[in-house]
Amino acid sequence: MKCQRCNNPATFHITELTGDEPQEVHLCEECAREYLAPSKEEMAEVVPALAGMLAEQLAIGQTAEELARLDQRACPICGITFLEFRKQGRLGCPNDYLCFEKELEPLLLNIHGETKHIGKVPQRCPADGKTQIRLIRLRREMKEAVMMENYERASELRDEIRIIEAELRVSQDQSTKRD
């Protein structure tokens with residue numbers, strides 16, 4: 001097959017999909033280079049677009065640095081980091097909603113369309129959220145004590161956790177008897 005612009009053999013077979021129907025163009029290497037090279041008008045459009053893409057990539061790089069800093073932030077109550085949340089998709093305690101509020105708000109809005117809970121609360125949920133937070137903190141401290149091989153402190157924390165859990169069971173049993 002010969003080039004459609006000159007009589008040299010066609011080595012490039014290009015299918016244009018710009019119109020209603022596909023158009024095939026058969027060109028030699030030299031004519032294909034000219035055909036595929038952008039015109040001055042196209043270059044005037046391409047250069048600002050490339051500059052915009054570069055600026056966008058720099059912004060993404062900046063965002064990556066911010067994300068790396070954010071990933072290291074941890075909840076003071078349960079100790080979960082934002083990186084752990086991103087990997088697991090689960091928060092560690094109710095305080096995480098406050099700790100990572102700025103980052104979670106757009107996510108919650110996107111998923112639920114709201115950022116505040118509207119609806120029922122589970123019956124098993126203790127009325128006192130502070131007690132739950134205290135339990136989570138105590139469990140974390142116990143885990144850290146075991147890791148530090150401070151078994152005496154770990155056993156004290158274990159006993160304290162058992163007392164609180166027993167109190168919660170009693171209050172739940174009383175609330176279910178009333179219902």
# chains A, B, ... in the order shown; residues from 1 in each chain; ligands from 1
$ closest_atom_pairs --of "segment 97-166 of chain A" --to "segment 69-76 of chain A" --cutoff "9 Å" --atoms "only C-alpha atoms" --output "JSON lines"
{"residue": "A:Cys99", "atom": "CA", "partner": "A:Cys75", "partner_atom": "CA", "distance": 6.0}
{"residue": "A:Phe100", "atom": "CA", "partner": "A:Cys75", "partner_atom": "CA", "distance": 8.1}
{"residue": "A:Arg137", "atom": "CA", "partner": "A:Pro76", "partner_atom": "CA", "distance": 8.5}
$ atom_distance --atom1 "atom CA of Glu101 of chain A" --atom2 "atom CA of Glu141 of chain A"
24.0 Å
$ residues_around --residues "Phe12 of chain A" --least-positions-apart "6" --cutoff "10 Å" --atoms "only C-alpha atoms" --output "PyMOL selection string"
chain A and resi 3+25-33
$ residues_around --residues "segment 77-80 of chain A" --least-positions-apart "3" --cutoff "9 Å" --atoms "only C-alpha atoms" --output "PDB file with C-alpha atoms, in the first residue's frame"
ATOM      1  CA  ARG A  73      -1.802  11.318  63.804  1.00  0.00           C
ATOM      2  CA  ALA A  74      -3.295   9.073  66.473  1.00  0.00           C
ATOM      3  CA  LEU A  83      -3.377   5.221  58.467  1.00  0.00           C
ATOM      4  CA  GLU A  84      -4.873   2.281  60.368  1.00  0.00           C
ATOM      5  CA  PHE A  85      -8.354   3.703  59.762  1.00  0.00           C
ATOM      6  CA  LEU A  91     -12.458   3.598  63.753  1.00  0.00           C
ATOM      7  CA  GLY A  92     -11.211   2.576  67.176  1.00  0.00           C
ATOM      8  CA  CYS A  93     -13.514   4.540  69.472  1.00  0.00           C
ATOM      9  CA  ASN A  95     -13.517   9.875  70.151  1.00  0.00           C
ATOM     10  CA  ASP A  96     -12.055   9.217  66.677  1.00  0.00           C
ATOM     11  CA  ILE A 133     -14.243   5.701  76.095  1.00  0.00           C
ATOM     12  CA  ARG A 134     -12.793   4.948  79.525  1.00  0.00           C
ATOM     13  CA  ILE A 136     -11.149   1.669  75.484  1.00  0.00           C
ATOM     14  CA  ARG A 137      -8.452   3.782  77.147  1.00  0.00           C
ATOM     15  CA  LEU A 138      -7.978   1.223  79.930  1.00  0.00           C
ATOM     16  CA  ARG A 139      -7.687  -1.644  77.431  1.00  0.00           C
ATOM     17  CA  ARG A 140      -5.068   0.289  75.488  1.00  0.00           C
TER      18      ARG A 140
END
